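Notes to accompany the following structure.
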Amino acid sequence: MTNNEYLTEYDQIVQAMQKYIDGSKQGKSEIMRPAFHPEASFFGYAGEQLAIGTQFLFDWIDKNGPAPNIEPRIVSVDILDSIAAVRLEVAGWSGNLAGSGVRMSDLFTLLKTANGWKIIQKAFHWHAAGQRLAA
Amino acid sequence: MEDHPEGVSLARRRAEAGRVISGIVFGGSEMPERNTPQKTLESWKQIAAYLDRSERTVRRWEANEGLPVHRREHEKQDTVFAYRHEIEAWNRLRTRCPGPTSVSHAESLFTPQSAGNAYLIEHDAITRTMHCYIAGARAGEADLMRPAFHPSATISGYCQGVEYTGSVEHVFQWINENGPAPTINPCFARIEIIESIAVVHLEVQNWSGKLAGANAHASDVFTLLKCNGEWKITHKLFHWHNR
């Protein structure tokens with residue numbers, strides 16, 4: 001990969017992540033859906049509850065509603081040809097379901113497809129002990 | 001390729017742990033090992049002697065129970081070696097609670113003394129899960145790697161230019177059809193743990209077998225989730241490198 005190629009891939013990955021971030025902030029799953037692969041998966045624990053499946057995520061985002069104060073930071077982007085891993089830290093989660101001031105750590109994996117980089121999995125850790133991520 | 005300060009500090013912590021272990025276990029013994037903390041065992045014979053078992057037994061442990069053995073590539077035949085601190089970590093988890101489903105038990109038996117130790121326990125538990133995958137890949141037996149995966153795990157990547165996304169069952173089929181791949185040389189390029197989730201970047205050189213061909217190189221990114229105290233792979237993302 002040349003430097004320019006790397007930058008192109010990096011920018012496209014960050015653009016996909018931005019769709020997730022924008023959808024989270026506005027509480028609209030329709031904004032983030034195009035960033036996800038149709039067969040993407042979603043995993044994580046919210047308290048004792050195991051949440052699986054992107055439908056859970058999209059429903060949660062819509063029910064949670066706007067989270068205008070989230071502070072997202074892309075901590076790392078690792079690209080290996082056709083695959084990539086991204087770590088995202090989001091502080092200040094708020095909303096109908098999130099409560100307020102909650103931190104979420106996410107590990108995204110992405111696949112380079114004919115339609116650009118797509119999120120193939122999101123794994124999350126919800127830093128709120130005992131708090132349910134009700135949906 | 002990667003600048004990863006956590007990896008560096010982990011290596012240092014492991015090295016320190018290795019010193020402590022060797023001080024306790026080998027202090028006063030005739031084994032000539034002092035200066036370098038990260039000691040290696042350089043043959044099946046040495047690994048067997050270290051564990052006080054036959055070579056046959058330790059080879060079986062590698063194939064079936066995830067004994068961490070590494071390989072160096074040579075022109076004629078690969079040579080094996082093992083890190084004492086890795087063998088110690090493997091042995092520690094294994095002795096306390098044998099069997100492939102014992103990760104959670106083994107963890108619960110530890111009382112973390114410090115944040116550093118707690119991190120090592122998680123790290124070791126994750127590599128143990130990964131070695132379960134590696135043992136299955138090497139033996140060409142999917143049943144060996146099944147316990148490493150979450151039942152709902154999926155895989156994604158390209159096989160001969162065609163995108164493949166689907167159930168982990170397809171990995172199991174592929175592994176069985178591929179058969180033994182005794183020469184694979186897996187290397188942990190990165191392990192990142194965030195409380196209940198983790199990502200493992202595994203580089204595997206020298207893939208072989210009926211489907212893999214010879215000397216194939218794969219990069220894998222695994223995502224893991226800690227479920228009921230056990231680390232399970234929830235996703236395997238793979239890239240086969242062009243030869």
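A note on labels: chains of the structure tokens are A, B, ... as shown, every chain counts residues from 1, and ligands are counted from 1 in their shown order.
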Practice task
Identify every residue of chain B that has at least one atom within 9 Å of any atom of chain A, counting only C-alpha atoms, and report the result as a ChimeraX atom specification.
Solution key: /B:152-154,156-158,163,165-166,194-199,219-227,234-235,237-239,241
Exercise for the section: Would you mind listing what lies within 6 Å of range 88-90 of chain A as a list in words, with only C-alpha atoms counted and same-chain residues fewer than 2 positions away left out? Expected result: Glu71, Pro72, Arg73, Ile74, Val75, Arg103, Met104, Ser105 and Asp106 of chain A
Near range 64-66 of chain A, within 10 Å and counting only C-alpha atoms, which residues show up once chain neighbours fewer than 2 positions away are dropped, as a short mmCIF file (atom, residue, chain, number, x, y, z; two decimals) with C-alpha atoms, in the first residue's frame?
```cif
data_model
loop_
_atom_site.label_atom_id
_atom_site.label_comp_id
_atom_site.auth_asym_id
_atom_site.auth_seq_id
_atom_site.Cartn_x
_atom_site.Cartn_y
_atom_site.Cartn_z
CA ASP A 22 -23.79 10.93 13.45
CA GLY A 23 -26.56 8.35 13.81
CA SER A 24 -25.73 7.95 17.50
CA LYS A 25 -25.75 11.68 18.11
CA GLN A 26 -29.05 12.29 16.34
CA GLY A 27 -30.70 9.10 17.57
CA LYS A 28 -31.46 7.98 14.02
CA SER A 29 -30.42 4.51 12.97
CA PHE A 58 -30.70 0.06 15.49
CA ASP A 59 -33.79 -0.24 17.69
CA TRP A 60 -31.80 0.97 20.66
CA ILE A 61 -30.44 4.01 18.78
CA ASP A 62 -33.96 4.99 17.63
CA PRO A 68 -26.16 15.61 21.58
CA ASN A 69 -23.29 15.63 24.07
CA ILE A 70 -21.44 12.51 23.03
CA TRP A 93 -23.65 9.08 26.22
CA SER A 94 -27.11 10.31 27.05
CA GLY A 95 -30.69 9.73 25.94
CA ASN A 96 -33.92 7.96 26.84
CA LEU A 97 -32.20 4.62 27.42
CA ALA A 98 -28.59 5.59 28.06
CA GLY A 99 -29.25 7.87 31.00
CA LEU A 133 -29.27 -1.26 28.27
CA ALA A 134 -33.03 -1.64 28.03
CA ALA A 135 -34.52 -1.65 24.57
#
```
Exercise for the section: Please run DSSP on the backbone and report, as a ChimeraX atom specification, all residues within chain A that come out as helix (DSSP H, G or I). Expected result: /A:3-26,29-35,54-64
Can I get the selected residues back with C-alpha atoms, as a PDB file, in the first residue's frame?
```pdb
ATOM      1  CA  ASN A   3       1.029   6.352   1.332  1.00  0.00           C
ATOM      2  CA  ASN A   4      -1.753   7.793  -0.785  1.00  0.00           C
ATOM      3  CA  GLU A   5      -3.560   4.479  -0.939  1.00  0.00           C
ATOM      4  CA  TYR A   6      -3.310   4.230   2.820  1.00  0.00           C
ATOM      5  CA  LEU A   7      -4.794   7.691   3.253  1.00  0.00           C
ATOM      6  CA  THR A   8      -7.661   6.852   0.889  1.00  0.00           C
ATOM      7  CA  GLU A   9      -8.488   3.671   2.806  1.00  0.00           C
ATOM      8  CA  TYR A  10      -8.116   5.429   6.145  1.00  0.00           C
ATOM      9  CA  ASP A  11     -10.421   8.277   5.098  1.00  0.00           C
ATOM     10  CA  GLN A  12     -13.080   5.886   3.834  1.00  0.00           C
ATOM     11  CA  ILE A  13     -12.963   3.928   7.083  1.00  0.00           C
ATOM     12  CA  VAL A  14     -13.279   7.114   9.134  1.00  0.00           C
ATOM     13  CA  GLN A  15     -16.222   8.202   6.934  1.00  0.00           C
ATOM     14  CA  ALA A  16     -18.003   4.928   7.719  1.00  0.00           C
ATOM     15  CA  MET A  17     -17.329   5.520  11.415  1.00  0.00           C
ATOM     16  CA  GLN A  18     -18.668   9.062  11.122  1.00  0.00           C
ATOM     17  CA  LYS A  19     -22.023   7.683   9.923  1.00  0.00           C
ATOM     18  CA  TYR A  20     -22.197   5.607  13.080  1.00  0.00           C
ATOM     19  CA  ILE A  21     -21.274   8.633  15.188  1.00  0.00           C
ATOM     20  CA  ASP A  22     -23.792  10.929  13.453  1.00  0.00           C
ATOM     21  CA  GLY A  23     -26.563   8.350  13.807  1.00  0.00           C
ATOM     22  CA  SER A  24     -25.735   7.948  17.502  1.00  0.00           C
ATOM     23  CA  LYS A  25     -25.746  11.681  18.112  1.00  0.00           C
ATOM     24  CA  GLN A  26     -29.048  12.291  16.344  1.00  0.00           C
ATOM     25  CA  SER A  29     -30.416   4.514  12.966  1.00  0.00           C
ATOM     26  CA  GLU A  30     -31.147   5.327   9.317  1.00  0.00           C
ATOM     27  CA  ILE A  31     -28.040   7.517   9.262  1.00  0.00           C
ATOM     28  CA  MET A  32     -25.732   4.730  10.400  1.00  0.00           C
ATOM     29  CA  ARG A  33     -27.346   1.793   8.569  1.00  0.00           C
ATOM     30  CA  PRO A  34     -25.504   2.438   5.262  1.00  0.00           C
ATOM     31  CA  ALA A  35     -22.186   2.069   7.107  1.00  0.00           C
ATOM     32  CA  THR A  54     -27.637  -5.235  14.624  1.00  0.00           C
ATOM     33  CA  GLN A  55     -31.432  -4.965  14.885  1.00  0.00           C
ATOM     34  CA  PHE A  56     -30.974  -4.598  18.635  1.00  0.00           C
ATOM     35  CA  LEU A  57     -28.505  -1.780  18.003  1.00  0.00           C
ATOM     36  CA  PHE A  58     -30.698   0.059  15.486  1.00  0.00           C
ATOM     37  CA  ASP A  59     -33.789  -0.236  17.695  1.00  0.00           C
ATOM     38  CA  TRP A  60     -31.796   0.972  20.660  1.00  0.00           C
ATOM     39  CA  ILE A  61     -30.439   4.008  18.785  1.00  0.00           C
ATOM     40  CA  ASP A  62     -33.958   4.992  17.626  1.00  0.00           C
ATOM     41  CA  LYS A  63     -35.504   4.549  21.069  1.00  0.00           C
ATOM     42  CA  ASN A  64     -32.646   6.270  22.820  1.00  0.00           C
TER      43      ASN A  64
END
```
Exercise for the section: Go through A:Ala51, A:Ala67, A:Val77, A:Ile119 one by one, measure the shortest atom-to-atom distance of each to Gly92 in chain A using only C-alpha atoms, and give the residue with the smallest value. Expected result: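 The shortest atom-to-atom distance to Gly92 in chain A comes from A:Ala67.
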List the neighbours of Ala148 in chain B out to 7 Å using only C-alpha atoms; skip same-chain residues closer than 5 positions along the sequence, and give me the result as an mmCIF file with C-alpha atoms, in the first residue's frame.
```cif
data_model
loop_
_atom_site.group_PDB
_atom_site.id
_atom_site.type_symbol
_atom_site.label_atom_id
_atom_site.label_comp_id
_atom_site.auth_asym_id
_atom_site.auth_seq_id
_atom_site.Cartn_x
_atom_site.Cartn_y
_atom_site.Cartn_z
ATOM 1 C CA THR B 129 -8.916 -19.431 23.795
ATOM 2 C CA MET B 130 -6.857 -18.512 20.743
ATOM 3 C CA CYS B 132 -7.727 -23.678 21.095
ATOM 4 C CA TYR B 133 -8.398 -22.226 17.623
ATOM 5 C CA LYS B 232 -15.308 -16.599 23.295
ATOM 6 C CA ILE B 233 -14.604 -15.593 19.703
#
```
